[in-house]
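Chemist: This is input.txt (compact mmCIF, N, CA and C atoms).
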# COMPACT_ATOMS: atom_id res chain seq x y z
N MET J 243 -16.29 -1.44 -20.90
CA MET J 243 -14.90 -1.58 -20.48
C MET J 243 -14.32 -2.82 -21.16
N GLN J 244 -13.13 -2.72 -21.66
CA GLN J 244 -12.46 -3.83 -22.32
C GLN J 244 -11.70 -4.66 -21.30
N ALA J 245 -11.58 -5.97 -21.56
CA ALA J 245 -10.75 -6.82 -20.74
C ALA J 245 -9.29 -6.39 -20.92
N PRO J 246 -8.43 -6.72 -19.98
CA PRO J 246 -7.02 -6.37 -20.11
C PRO J 246 -6.45 -6.91 -21.42
N PRO J 247 -5.35 -6.32 -21.90
CA PRO J 247 -4.84 -6.67 -23.22
C PRO J 247 -4.25 -8.07 -23.35
N GLU J 248 -4.10 -8.80 -22.26
CA GLU J 248 -3.57 -10.15 -22.34
C GLU J 248 -4.48 -11.00 -23.21
N HIS J 249 -3.93 -12.00 -23.83
CA HIS J 249 -4.69 -12.83 -24.75
C HIS J 249 -5.66 -13.76 -24.05
N SER J 250 -5.42 -14.06 -22.81
CA SER J 250 -6.33 -14.96 -22.10
C SER J 250 -6.36 -14.64 -20.61
N VAL J 251 -7.36 -15.19 -19.99
CA VAL J 251 -7.64 -14.96 -18.58
C VAL J 251 -7.78 -16.33 -17.92
N VAL J 252 -7.27 -16.46 -16.70
CA VAL J 252 -7.43 -17.69 -15.93
C VAL J 252 -8.53 -17.47 -14.92
N SER J 253 -9.47 -18.40 -14.88
CA SER J 253 -10.57 -18.36 -13.91
C SER J 253 -10.29 -19.42 -12.85
N LEU J 254 -10.14 -18.98 -11.61
CA LEU J 254 -9.93 -19.90 -10.48
C LEU J 254 -11.25 -20.14 -9.80
N LYS J 255 -11.61 -21.39 -9.56
CA LYS J 255 -12.83 -21.74 -8.84
C LYS J 255 -12.45 -22.06 -7.40
N CYS J 256 -13.02 -21.29 -6.48
CA CYS J 256 -12.75 -21.51 -5.06
C CYS J 256 -13.97 -21.08 -4.26
N ALA J 257 -13.85 -21.07 -2.94
CA ALA J 257 -14.99 -20.70 -2.09
C ALA J 257 -15.52 -19.30 -2.40
N ALA J 258 -14.64 -18.41 -2.86
CA ALA J 258 -15.05 -17.05 -3.18
C ALA J 258 -15.75 -16.96 -4.53
N GLY J 259 -15.85 -18.06 -5.26
CA GLY J 259 -16.49 -18.08 -6.58
C GLY J 259 -15.45 -18.14 -7.67
N SER J 260 -15.73 -17.52 -8.79
CA SER J 260 -14.78 -17.48 -9.91
C SER J 260 -13.95 -16.21 -9.80
N LEU J 261 -12.65 -16.39 -9.63
CA LEU J 261 -11.72 -15.27 -9.54
C LEU J 261 -10.92 -15.24 -10.83
N LEU J 262 -10.93 -14.10 -11.51
CA LEU J 262 -10.26 -13.99 -12.81
C LEU J 262 -8.96 -13.21 -12.70
N ILE J 263 -7.94 -13.74 -13.41
CA ILE J 263 -6.61 -13.17 -13.37
C ILE J 263 -6.05 -13.21 -14.78
N PRO J 264 -5.40 -12.15 -15.25
CA PRO J 264 -4.74 -12.24 -16.56
C PRO J 264 -3.71 -13.38 -16.57
N GLN J 265 -3.72 -14.15 -17.62
CA GLN J 265 -2.81 -15.30 -17.71
C GLN J 265 -1.35 -14.88 -17.56
N ALA J 266 -1.01 -13.70 -18.02
CA ALA J 266 0.38 -13.23 -17.96
C ALA J 266 0.90 -13.16 -16.52
N LEU J 267 0.03 -13.08 -15.52
CA LEU J 267 0.45 -12.99 -14.12
C LEU J 267 0.57 -14.35 -13.45
N VAL J 268 0.14 -15.40 -14.14
CA VAL J 268 0.23 -16.77 -13.60
C VAL J 268 1.62 -17.31 -13.91
N GLN J 269 2.34 -17.69 -12.87
CA GLN J 269 3.70 -18.21 -13.02
C GLN J 269 3.75 -19.72 -13.12
N GLY J 270 2.72 -20.38 -12.63
CA GLY J 270 2.68 -21.84 -12.69
C GLY J 270 1.56 -22.37 -11.82
N ILE J 271 1.32 -23.67 -11.95
CA ILE J 271 0.27 -24.33 -11.17
C ILE J 271 0.88 -25.57 -10.54
N ALA J 272 0.71 -25.69 -9.24
CA ALA J 272 1.24 -26.82 -8.50
C ALA J 272 0.09 -27.64 -7.92
N PRO J 273 0.27 -28.94 -7.78
CA PRO J 273 -0.78 -29.75 -7.15
C PRO J 273 -0.87 -29.46 -5.65
N ALA J 274 -2.03 -29.65 -5.09
CA ALA J 274 -2.23 -29.41 -3.66
C ALA J 274 -1.32 -30.28 -2.80
N LEU J 275 -0.91 -31.42 -3.33
CA LEU J 275 -0.01 -32.29 -2.57
C LEU J 275 1.31 -31.60 -2.21
N ASP J 276 1.67 -30.57 -2.97
CA ASP J 276 2.92 -29.85 -2.71
C ASP J 276 2.74 -28.70 -1.72
N ALA J 277 1.56 -28.60 -1.13
CA ALA J 277 1.25 -27.47 -0.24
C ALA J 277 1.27 -27.89 1.22
N GLU J 278 1.64 -26.94 2.06
CA GLU J 278 1.54 -27.07 3.52
C GLU J 278 0.71 -25.89 3.99
N VAL J 279 -0.44 -26.16 4.60
CA VAL J 279 -1.31 -25.08 5.06
C VAL J 279 -1.36 -25.11 6.57
N GLY J 280 -1.03 -23.96 7.16
CA GLY J 280 -1.07 -23.85 8.60
C GLY J 280 -2.41 -23.33 9.08
N GLU J 281 -2.46 -23.00 10.35
CA GLU J 281 -3.69 -22.45 10.90
C GLU J 281 -3.99 -21.12 10.24
N GLY J 282 -5.25 -20.85 10.06
CA GLY J 282 -5.66 -19.59 9.47
C GLY J 282 -5.64 -19.56 7.96
N GLY J 283 -5.38 -20.70 7.31
CA GLY J 283 -5.43 -20.76 5.86
C GLY J 283 -4.24 -20.15 5.15
N ILE J 284 -3.14 -20.00 5.88
CA ILE J 284 -1.93 -19.45 5.29
C ILE J 284 -0.85 -20.52 5.35
N GLY J 285 -0.12 -20.69 4.26
CA GLY J 285 0.91 -21.71 4.23
C GLY J 285 1.92 -21.44 3.13
N GLU J 286 2.47 -22.52 2.60
CA GLU J 286 3.45 -22.44 1.53
C GLU J 286 3.21 -23.56 0.54
N VAL J 287 3.66 -23.34 -0.69
CA VAL J 287 3.60 -24.37 -1.71
C VAL J 287 4.95 -24.38 -2.43
N SER J 288 5.40 -25.57 -2.79
CA SER J 288 6.63 -25.72 -3.56
C SER J 288 6.30 -25.77 -5.03
N MET J 289 7.06 -25.01 -5.81
CA MET J 289 6.99 -25.12 -7.26
C MET J 289 8.42 -25.05 -7.75
N GLY J 290 8.91 -26.19 -8.23
CA GLY J 290 10.32 -26.27 -8.58
C GLY J 290 11.15 -26.12 -7.32
N ALA J 291 12.16 -25.29 -7.38
CA ALA J 291 13.03 -25.06 -6.22
C ALA J 291 12.51 -23.93 -5.33
N ASP J 292 11.42 -23.28 -5.73
CA ASP J 292 10.91 -22.12 -5.01
C ASP J 292 9.79 -22.49 -4.05
N ARG J 293 9.69 -21.69 -2.98
CA ARG J 293 8.58 -21.80 -2.02
C ARG J 293 7.77 -20.52 -2.15
N TRP J 294 6.45 -20.66 -2.32
CA TRP J 294 5.56 -19.53 -2.51
C TRP J 294 4.61 -19.42 -1.32
N PRO J 295 4.39 -18.21 -0.78
CA PRO J 295 3.35 -18.05 0.25
C PRO J 295 2.01 -18.46 -0.37
N LEU J 296 1.23 -19.23 0.37
CA LEU J 296 -0.04 -19.75 -0.12
C LEU J 296 -1.18 -19.27 0.76
N PHE J 297 -2.28 -18.87 0.10
CA PHE J 297 -3.48 -18.45 0.82
C PHE J 297 -4.67 -19.28 0.36
N VAL J 298 -5.40 -19.80 1.33
CA VAL J 298 -6.66 -20.50 1.07
C VAL J 298 -7.75 -19.53 1.52
N LEU J 299 -8.56 -19.07 0.56
CA LEU J 299 -9.52 -18.00 0.85
C LEU J 299 -10.94 -18.51 1.00
N ASN J 300 -11.70 -17.84 1.86
CA ASN J 300 -13.12 -18.15 1.99
C ASN J 300 -13.93 -17.24 1.04
N HIS J 301 -15.24 -17.27 1.17
CA HIS J 301 -16.10 -16.49 0.27
C HIS J 301 -15.94 -14.98 0.44
N ASP J 302 -15.33 -14.53 1.54
CA ASP J 302 -15.09 -13.10 1.77
C ASP J 302 -13.65 -12.69 1.42
N LEU J 303 -12.92 -13.55 0.71
CA LEU J 303 -11.52 -13.31 0.36
C LEU J 303 -10.64 -13.14 1.60
N GLN J 304 -10.97 -13.90 2.65
CA GLN J 304 -10.18 -13.92 3.88
C GLN J 304 -9.53 -15.29 3.98
N PRO J 305 -8.27 -15.37 4.44
CA PRO J 305 -7.67 -16.68 4.66
C PRO J 305 -8.50 -17.48 5.67
N THR J 306 -8.65 -18.77 5.42
CA THR J 306 -9.47 -19.59 6.29
C THR J 306 -8.84 -20.95 6.53
N SER J 307 -8.99 -21.46 7.74
CA SER J 307 -8.53 -22.82 8.04
C SER J 307 -9.64 -23.82 7.75
N GLN J 308 -10.84 -23.34 7.45
CA GLN J 308 -11.98 -24.20 7.11
C GLN J 308 -12.05 -24.41 5.60
N HIS J 309 -10.94 -24.86 5.03
CA HIS J 309 -10.86 -24.90 3.58
C HIS J 309 -11.24 -26.22 2.96
N GLY J 310 -11.34 -27.28 3.73
CA GLY J 310 -11.64 -28.57 3.12
C GLY J 310 -10.51 -28.96 2.17
N ASP J 311 -10.84 -29.67 1.15
CA ASP J 311 -9.83 -30.10 0.18
C ASP J 311 -9.79 -29.16 -1.00
N PHE J 312 -8.62 -28.79 -1.42
CA PHE J 312 -8.45 -28.05 -2.66
C PHE J 312 -7.48 -28.87 -3.51
N ARG J 313 -7.51 -28.64 -4.80
CA ARG J 313 -6.73 -29.49 -5.70
C ARG J 313 -5.50 -28.83 -6.29
N PHE J 314 -5.54 -27.49 -6.41
CA PHE J 314 -4.45 -26.80 -7.09
C PHE J 314 -4.00 -25.56 -6.32
N CYS J 315 -2.76 -25.18 -6.56
CA CYS J 315 -2.20 -23.93 -6.06
C CYS J 315 -1.70 -23.17 -7.29
N VAL J 316 -2.27 -22.00 -7.51
CA VAL J 316 -1.89 -21.20 -8.67
C VAL J 316 -0.90 -20.14 -8.19
N CYS J 317 0.33 -20.22 -8.70
CA CYS J 317 1.40 -19.32 -8.31
C CYS J 317 1.34 -18.07 -9.19
N LEU J 318 1.35 -16.92 -8.54
CA LEU J 318 1.10 -15.64 -9.21
C LEU J 318 2.21 -14.64 -8.91
N ARG J 319 2.36 -13.67 -9.80
CA ARG J 319 3.27 -12.55 -9.56
C ARG J 319 2.49 -11.29 -9.90
N ASP J 320 2.34 -10.40 -8.91
CA ASP J 320 1.54 -9.19 -9.14
C ASP J 320 2.35 -8.14 -9.90
N ALA J 321 1.72 -7.01 -10.17
CA ALA J 321 2.34 -5.95 -10.98
C ALA J 321 3.59 -5.38 -10.34
N GLU J 322 3.74 -5.53 -9.02
CA GLU J 322 4.92 -5.03 -8.32
C GLU J 322 6.01 -6.09 -8.21
N GLY J 323 5.75 -7.28 -8.75
CA GLY J 323 6.74 -8.35 -8.74
C GLY J 323 6.68 -9.27 -7.53
N SER J 324 5.73 -9.04 -6.62
CA SER J 324 5.60 -9.90 -5.45
C SER J 324 4.94 -11.22 -5.84
N ALA J 325 5.42 -12.29 -5.24
CA ALA J 325 4.93 -13.63 -5.58
C ALA J 325 4.12 -14.21 -4.43
N PHE J 326 3.01 -14.88 -4.78
CA PHE J 326 2.21 -15.62 -3.82
C PHE J 326 1.33 -16.59 -4.59
N ALA J 327 0.67 -17.49 -3.88
CA ALA J 327 -0.17 -18.49 -4.53
C ALA J 327 -1.55 -18.50 -3.89
N LEU J 328 -2.55 -18.85 -4.69
CA LEU J 328 -3.92 -19.02 -4.21
C LEU J 328 -4.34 -20.47 -4.43
N ALA J 329 -5.03 -21.02 -3.44
CA ALA J 329 -5.56 -22.38 -3.56
C ALA J 329 -6.88 -22.33 -4.31
N CYS J 330 -7.13 -23.36 -5.12
CA CYS J 330 -8.41 -23.43 -5.83
C CYS J 330 -8.79 -24.89 -6.08
N ASP J 331 -10.07 -25.08 -6.35
CA ASP J 331 -10.59 -26.41 -6.65
C ASP J 331 -10.41 -26.77 -8.11
N ALA J 332 -10.49 -25.77 -8.97
CA ALA J 332 -10.37 -25.97 -10.41
C ALA J 332 -9.95 -24.65 -11.05
N PHE J 333 -9.51 -24.73 -12.28
CA PHE J 333 -9.18 -23.52 -13.02
C PHE J 333 -9.52 -23.75 -14.48
N ASP J 334 -9.69 -22.65 -15.19
CA ASP J 334 -10.04 -22.72 -16.60
C ASP J 334 -9.36 -21.56 -17.31
N LEU J 335 -8.98 -21.78 -18.54
CA LEU J 335 -8.38 -20.73 -19.36
C LEU J 335 -9.45 -20.19 -20.30
N LEU J 336 -9.68 -18.89 -20.23
CA LEU J 336 -10.69 -18.23 -21.06
C LEU J 336 -10.01 -17.27 -22.02
N THR J 337 -10.57 -17.10 -23.19
CA THR J 337 -10.06 -16.09 -24.10
C THR J 337 -10.73 -14.76 -23.77
N VAL J 338 -10.10 -13.69 -24.15
CA VAL J 338 -10.65 -12.36 -23.89
C VAL J 338 -12.05 -12.23 -24.48
N SER J 339 -12.29 -12.85 -25.62
CA SER J 339 -13.62 -12.75 -26.24
C SER J 339 -14.71 -13.42 -25.41
N GLU J 340 -14.34 -14.33 -24.49
CA GLU J 340 -15.31 -15.00 -23.63
C GLU J 340 -15.63 -14.19 -22.37
N VAL J 341 -14.88 -13.13 -22.14
CA VAL J 341 -15.00 -12.38 -20.89
C VAL J 341 -15.52 -10.97 -21.20
N ASN J 342 -16.71 -10.67 -20.75
CA ASN J 342 -17.31 -9.35 -20.92
C ASN J 342 -17.20 -8.62 -19.59
N VAL J 343 -16.14 -7.86 -19.44
CA VAL J 343 -15.82 -7.21 -18.17
C VAL J 343 -16.66 -5.96 -17.97
N ARG J 344 -17.23 -5.84 -16.78
CA ARG J 344 -18.02 -4.66 -16.39
C ARG J 344 -17.36 -4.02 -15.17
N PRO J 345 -17.24 -2.70 -15.16
CA PRO J 345 -16.64 -2.05 -13.98
C PRO J 345 -17.46 -2.33 -12.73
N LEU J 346 -16.77 -2.36 -11.62
CA LEU J 346 -17.43 -2.55 -10.34
C LEU J 346 -18.34 -1.36 -10.07
N PRO J 347 -19.59 -1.61 -9.65
CA PRO J 347 -20.49 -0.48 -9.35
C PRO J 347 -19.88 0.44 -8.28
N ALA J 348 -20.16 1.71 -8.40
CA ALA J 348 -19.58 2.72 -7.49
C ALA J 348 -19.86 2.40 -6.03
N CYS J 349 -21.03 1.85 -5.74
CA CYS J 349 -21.38 1.55 -4.35
C CYS J 349 -20.54 0.42 -3.76
N MET J 350 -19.83 -0.33 -4.60
CA MET J 350 -19.00 -1.44 -4.13
C MET J 350 -17.51 -1.09 -4.12
N ARG J 351 -17.14 0.09 -4.59
CA ARG J 351 -15.74 0.47 -4.68
C ARG J 351 -15.27 1.18 -3.42
N ASN J 352 -14.06 0.85 -3.01
CA ASN J 352 -13.36 1.60 -1.98
C ASN J 352 -11.87 1.33 -2.14
N ASP J 353 -11.06 2.14 -1.49
CA ASP J 353 -9.62 1.95 -1.60
C ASP J 353 -9.25 0.57 -1.07
N GLY J 354 -8.43 -0.12 -1.83
CA GLY J 354 -7.95 -1.41 -1.39
C GLY J 354 -8.84 -2.59 -1.74
N THR J 355 -9.97 -2.36 -2.40
CA THR J 355 -10.81 -3.48 -2.81
C THR J 355 -9.99 -4.39 -3.72
N PRO J 356 -9.92 -5.70 -3.42
CA PRO J 356 -9.05 -6.57 -4.21
C PRO J 356 -9.59 -6.97 -5.58
N PHE J 357 -10.72 -6.46 -5.96
CA PHE J 357 -11.21 -6.69 -7.32
C PHE J 357 -11.78 -5.39 -7.85
N ASP J 358 -11.70 -5.22 -9.16
CA ASP J 358 -12.13 -3.94 -9.71
C ASP J 358 -13.16 -4.03 -10.81
N SER J 359 -13.51 -5.25 -11.19
CA SER J 359 -14.56 -5.40 -12.19
C SER J 359 -15.21 -6.77 -12.06
N LEU J 360 -16.33 -6.91 -12.73
CA LEU J 360 -17.12 -8.13 -12.69
C LEU J 360 -17.34 -8.65 -14.10
N THR J 361 -17.65 -9.92 -14.20
CA THR J 361 -18.05 -10.51 -15.46
C THR J 361 -19.02 -11.64 -15.18
N ARG J 362 -19.68 -12.08 -16.19
CA ARG J 362 -20.59 -13.22 -16.06
C ARG J 362 -19.97 -14.38 -16.82
N ILE J 363 -19.82 -15.50 -16.13
CA ILE J 363 -19.30 -16.73 -16.73
C ILE J 363 -20.34 -17.80 -16.51
N ALA J 364 -20.91 -18.29 -17.61
CA ALA J 364 -22.01 -19.25 -17.53
C ALA J 364 -23.11 -18.64 -16.67
N ASP J 365 -23.45 -19.26 -15.56
CA ASP J 365 -24.55 -18.77 -14.71
C ASP J 365 -24.07 -18.12 -13.42
N GLU J 366 -22.84 -17.67 -13.39
CA GLU J 366 -22.34 -17.06 -12.15
C GLU J 366 -21.53 -15.82 -12.45
N ALA J 367 -21.34 -15.03 -11.41
CA ALA J 367 -20.52 -13.82 -11.54
C ALA J 367 -19.06 -14.19 -11.33
N GLY J 368 -18.19 -13.49 -12.02
CA GLY J 368 -16.76 -13.64 -11.82
C GLY J 368 -16.19 -12.32 -11.37
N LEU J 369 -15.21 -12.38 -10.49
CA LEU J 369 -14.55 -11.18 -9.97
C LEU J 369 -13.17 -11.07 -10.62
N PHE J 370 -12.90 -9.93 -11.26
CA PHE J 370 -11.60 -9.72 -11.87
C PHE J 370 -10.69 -9.14 -10.80
N LEU J 371 -9.68 -9.92 -10.38
CA LEU J 371 -8.82 -9.53 -9.27
C LEU J 371 -7.76 -8.51 -9.67
N ASN J 372 -7.49 -7.61 -8.74
CA ASN J 372 -6.32 -6.75 -8.79
C ASN J 372 -5.34 -7.41 -7.84
N LEU J 373 -4.35 -8.13 -8.37
CA LEU J 373 -3.47 -8.94 -7.52
C LEU J 373 -2.69 -8.11 -6.52
N THR J 374 -2.26 -6.92 -6.89
CA THR J 374 -1.52 -6.08 -5.96
C THR J 374 -2.41 -5.70 -4.78
N ALA J 375 -3.65 -5.30 -5.05
CA ALA J 375 -4.58 -4.96 -3.97
C ALA J 375 -4.91 -6.18 -3.13
N LEU J 376 -5.05 -7.35 -3.76
CA LEU J 376 -5.33 -8.58 -3.00
C LEU J 376 -4.15 -8.91 -2.09
N ARG J 377 -2.93 -8.83 -2.62
CA ARG J 377 -1.76 -9.12 -1.80
C ARG J 377 -1.68 -8.18 -0.60
N ARG J 378 -1.90 -6.88 -0.83
CA ARG J 378 -1.87 -5.92 0.28
C ARG J 378 -2.96 -6.22 1.30
N HIS J 379 -4.14 -6.60 0.83
CA HIS J 379 -5.24 -7.00 1.71
C HIS J 379 -4.83 -8.19 2.57
N LEU J 380 -4.21 -9.20 1.96
CA LEU J 380 -3.80 -10.40 2.69
C LEU J 380 -2.66 -10.12 3.66
N GLU J 381 -1.74 -9.23 3.29
CA GLU J 381 -0.63 -8.87 4.18
C GLU J 381 -1.14 -8.21 5.45
N LYS J 382 -2.20 -7.40 5.34
CA LYS J 382 -2.77 -6.75 6.52
C LYS J 382 -3.34 -7.77 7.49
N LEU J 383 -3.86 -8.88 6.95
CA LEU J 383 -4.49 -9.89 7.77
C LEU J 383 -3.47 -10.83 8.41
N GLY J 384 -2.33 -11.01 7.75
CA GLY J 384 -1.33 -11.97 8.20
C GLY J 384 -0.35 -11.35 9.11
Spell out the structure here as structure tokens.
Modeler:
Amino acid sequence: MQAPPEHSVVSLKCAAGSLLIPQALVQGIAPALDAEVGEGGIGEVSMGADRWPLFVLNHDLQPTSQHGDFRFCVCLRDAEGSAFALACDAFDLLTVSEVNVRPLPACMRNDGTPFDSLTRIADEAGLFLNLTALRRHLEKLG
């Protein structure tokens, strides 16, 4: 399976591990100082004049209030045009040639799974996110 046609991929480091997103869907990155996180790991972040819904995710891709310190908020726009942000500790820009995407094994697939493929980055697995599915997953929880 080929990586998406975008020229680069952003890897977000957070409690859930490395989450990969096509760079074209990243709208901007704001410092954590601009964020307000309420109970349950859901809040808002300011980027310019806009306020973005913010989610701090645990290792199960669930919003969590046990988030500790995070450093960045990555503002995203999914394929349907909906905007939201994810908190992360670090991020990295990867070229498509650095990402060897493998389809998610059939035993791990179901409707609404917020990721659809895997990759290996250094010594860890990376999850390639489907932002629309992730947003729908988070909306059900909120």
Chemist: With a distance cut-off of 6.5 Å and all atoms listed in the file, select the neighbouring residues of Cys317 of chain J, excluding the residue or stretch itself and same-chain residues fewer than 6 positions from it, and output the selection as an MDAnalysis selection string.
Modeler: chainID J and resid 267:272 326:328
Chemist: Could you check which residues have any atom within 5 Å of (-5.8, -20.7, -1.9), counting only N, CA and C atoms with coordinates taken straight from the file, and then list them as a list in words?
Modeler: Phe297, Val298, Leu299, Leu328, Ala329 and Cys330 of chain J
Chemist: Rounded to one decimal, what separation in Å do you get between atom CA of His301 of chain J and atom CA of His379 of chain J?
Modeler: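 About the pair atom CA of His301 of chain J and atom CA of His379 of chain J: they are 14.5 Å apart.
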Chemist: Residues of chain J classed as strand (DSSP E or B) by DSSP on the backbone are to be reported as a VMD selection string.
Modeler: chain J and resid 250 to 256 259 to 264 268 to 273 277 to 279 284 to 289 292 to 297 299 305 314 to 319 325 to 330 332 to 337 344 to 345 357 to 363 366 to 371
Chemist: Show me, as a short mmCIF file (atom, residue, chain, number, x, y, z; two decimals) with N, CA and C atoms, in the frame of the given file, the residues that have an atom within 12 Å of Arg377 of chain J when counting only C-alpha atoms, minus same-chain residues fewer than 2 positions from it.
Modeler:
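Result file out_36.cif:
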data_model
loop_
_atom_site.label_atom_id
_atom_site.label_comp_id
_atom_site.auth_asym_id
_atom_site.auth_seq_id
_atom_site.Cartn_x
_atom_site.Cartn_y
_atom_site.Cartn_z
N PRO J 295 4.39 -18.21 -0.78
CA PRO J 295 3.35 -18.05 0.25
C PRO J 295 2.01 -18.46 -0.37
N LEU J 296 1.23 -19.23 0.37
CA LEU J 296 -0.04 -19.75 -0.12
C LEU J 296 -1.18 -19.27 0.76
N PHE J 297 -2.28 -18.87 0.10
CA PHE J 297 -3.48 -18.45 0.82
C PHE J 297 -4.67 -19.28 0.36
N LEU J 303 -12.92 -13.55 0.71
CA LEU J 303 -11.52 -13.31 0.36
C LEU J 303 -10.64 -13.14 1.60
N GLN J 304 -10.97 -13.90 2.65
CA GLN J 304 -10.18 -13.92 3.88
C GLN J 304 -9.53 -15.29 3.98
N PRO J 305 -8.27 -15.37 4.44
CA PRO J 305 -7.67 -16.68 4.66
C PRO J 305 -8.50 -17.48 5.67
N LEU J 318 1.35 -16.92 -8.54
CA LEU J 318 1.10 -15.64 -9.21
C LEU J 318 2.21 -14.64 -8.91
N ARG J 319 2.36 -13.67 -9.80
CA ARG J 319 3.27 -12.55 -9.56
C ARG J 319 2.49 -11.29 -9.90
N ASP J 320 2.34 -10.40 -8.91
CA ASP J 320 1.54 -9.19 -9.14
C ASP J 320 2.35 -8.14 -9.90
N ALA J 321 1.72 -7.01 -10.17
CA ALA J 321 2.34 -5.95 -10.98
C ALA J 321 3.59 -5.38 -10.34
N GLU J 322 3.74 -5.53 -9.02
CA GLU J 322 4.92 -5.03 -8.32
C GLU J 322 6.01 -6.09 -8.21
N GLY J 323 5.75 -7.28 -8.75
CA GLY J 323 6.74 -8.35 -8.74
C GLY J 323 6.68 -9.27 -7.53
N SER J 324 5.73 -9.04 -6.62
CA SER J 324 5.60 -9.90 -5.45
C SER J 324 4.94 -11.22 -5.84
N ALA J 325 5.42 -12.29 -5.24
CA ALA J 325 4.93 -13.63 -5.58
C ALA J 325 4.12 -14.21 -4.43
N PHE J 326 3.01 -14.88 -4.78
CA PHE J 326 2.21 -15.62 -3.82
C PHE J 326 1.33 -16.59 -4.59
N ALA J 327 0.67 -17.49 -3.88
CA ALA J 327 -0.17 -18.49 -4.53
C ALA J 327 -1.55 -18.50 -3.89
N LEU J 328 -2.55 -18.85 -4.69
CA LEU J 328 -3.92 -19.02 -4.21
C LEU J 328 -4.34 -20.47 -4.43
N GLY J 354 -8.43 -0.12 -1.83
CA GLY J 354 -7.95 -1.41 -1.39
C GLY J 354 -8.84 -2.59 -1.74
N THR J 355 -9.97 -2.36 -2.40
CA THR J 355 -10.81 -3.48 -2.81
C THR J 355 -9.99 -4.39 -3.72
N PRO J 356 -9.92 -5.70 -3.42
CA PRO J 356 -9.05 -6.57 -4.21
C PRO J 356 -9.59 -6.97 -5.58
N PHE J 357 -10.72 -6.46 -5.96
CA PHE J 357 -11.21 -6.69 -7.32
C PHE J 357 -11.78 -5.39 -7.85
N LEU J 371 -9.68 -9.92 -10.38
CA LEU J 371 -8.82 -9.53 -9.27
C LEU J 371 -7.76 -8.51 -9.67
N ASN J 372 -7.49 -7.61 -8.74
CA ASN J 372 -6.32 -6.75 -8.79
C ASN J 372 -5.34 -7.41 -7.84
N LEU J 373 -4.35 -8.13 -8.37
CA LEU J 373 -3.47 -8.94 -7.52
C LEU J 373 -2.69 -8.11 -6.52
N THR J 374 -2.26 -6.92 -6.89
CA THR J 374 -1.52 -6.08 -5.96
C THR J 374 -2.41 -5.70 -4.78
N ALA J 375 -3.65 -5.30 -5.05
CA ALA J 375 -4.58 -4.96 -3.97
C ALA J 375 -4.91 -6.18 -3.13
N HIS J 379 -4.14 -6.60 0.83
CA HIS J 379 -5.24 -7.00 1.71
C HIS J 379 -4.83 -8.19 2.57
N LEU J 380 -4.21 -9.20 1.96
CA LEU J 380 -3.80 -10.40 2.69
C LEU J 380 -2.66 -10.12 3.66
N GLU J 381 -1.74 -9.23 3.29
CA GLU J 381 -0.63 -8.87 4.18
C GLU J 381 -1.14 -8.21 5.45
N LYS J 382 -2.20 -7.40 5.34
CA LYS J 382 -2.77 -6.75 6.52
C LYS J 382 -3.34 -7.77 7.49
N LEU J 383 -3.86 -8.88 6.95
CA LEU J 383 -4.49 -9.89 7.77
C LEU J 383 -3.47 -10.83 8.41
N GLY J 384 -2.33 -11.01 7.75
CA GLY J 384 -1.33 -11.97 8.20
C GLY J 384 -0.35 -11.35 9.11
#
Chemist: Please determine, counting only C-alpha atoms, which residue among J:Asp353, J:Phe370, J:Ser359, J:Ser307 has the shortest atom-to-atom distance to Gly282 of chain J.
Modeler: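 Selected residue with least distance to Gly282 of chain J: J:Ser307.
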Chemist: If you run DSSP on the backbone, which residues of segment 248-355 of chain J are helix (DSSP H, G or I), as a list in words?
Modeler: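 So, restricting segment 248-355 of chain J to helix (DSSP H, G or I), we get Gln265, Ala266, Leu267, Ala274, Leu275, Asp276, Glu281, Gly282, Gly283, Val338, Ser339, Glu340, Ala348, Cys349 and Met350 of chain J.
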Chemist: Find the distance between atom C of Trp294 of chain J and atom CA of Leu275 of chain J and write it in Å to one decimal.
Modeler: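 We find that atom C of Trp294 of chain J and atom CA of Leu275 of chain J lie 13.7 Å from each other.
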Chemist: Tell me which of J:Ile363, J:Thr306, J:Asp358, J:Ser250 sits closest to Gly280 of chain J, counting only C-alpha atoms.
Modeler: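 Residue with the minimum atom-to-atom distance to Gly280 of chain J: J:Thr306.
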Chemist: Measuring between only N, CA and C atoms, which one of J:Leu376, J:Ala367, J:Val279, J:Cys315 shows the shortest distance to Leu261 of chain J?
Modeler: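 Ranked by minimum distance to Leu261 of chain J, first place goes to J:Ala367.
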Chemist: Near Leu254 of chain J, within 10 Å and counting only C-alpha atoms, which residues show up once chain neighbours fewer than 4 positions away are dropped, as a list in words?
Modeler: Ala258, Gly259, Ser260, Leu261, Leu262, Ile263, Phe314, Cys315, Val316, Leu328, Ala329, Cys330, Asp331, Ala332, Phe333, Asp334, Leu335, Gly368 and Leu369 of chain J
Chemist: Go ahead and compute the interatomic distance for atom CA of Val251 of chain J and atom CA of Arg313 of chain J, in Å to one decimal.
Modeler: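 Distance reported for this atom pair: 19.4 Å.
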Chemist: Give as an MDAnalysis selection string every residue, naming chains and numbers as the document does, that has an atom within 9 Å of (-9.4, -19.1, -21.8), counting only C-alpha atoms.
Modeler: chainID J and resid 249:253 265 334:341
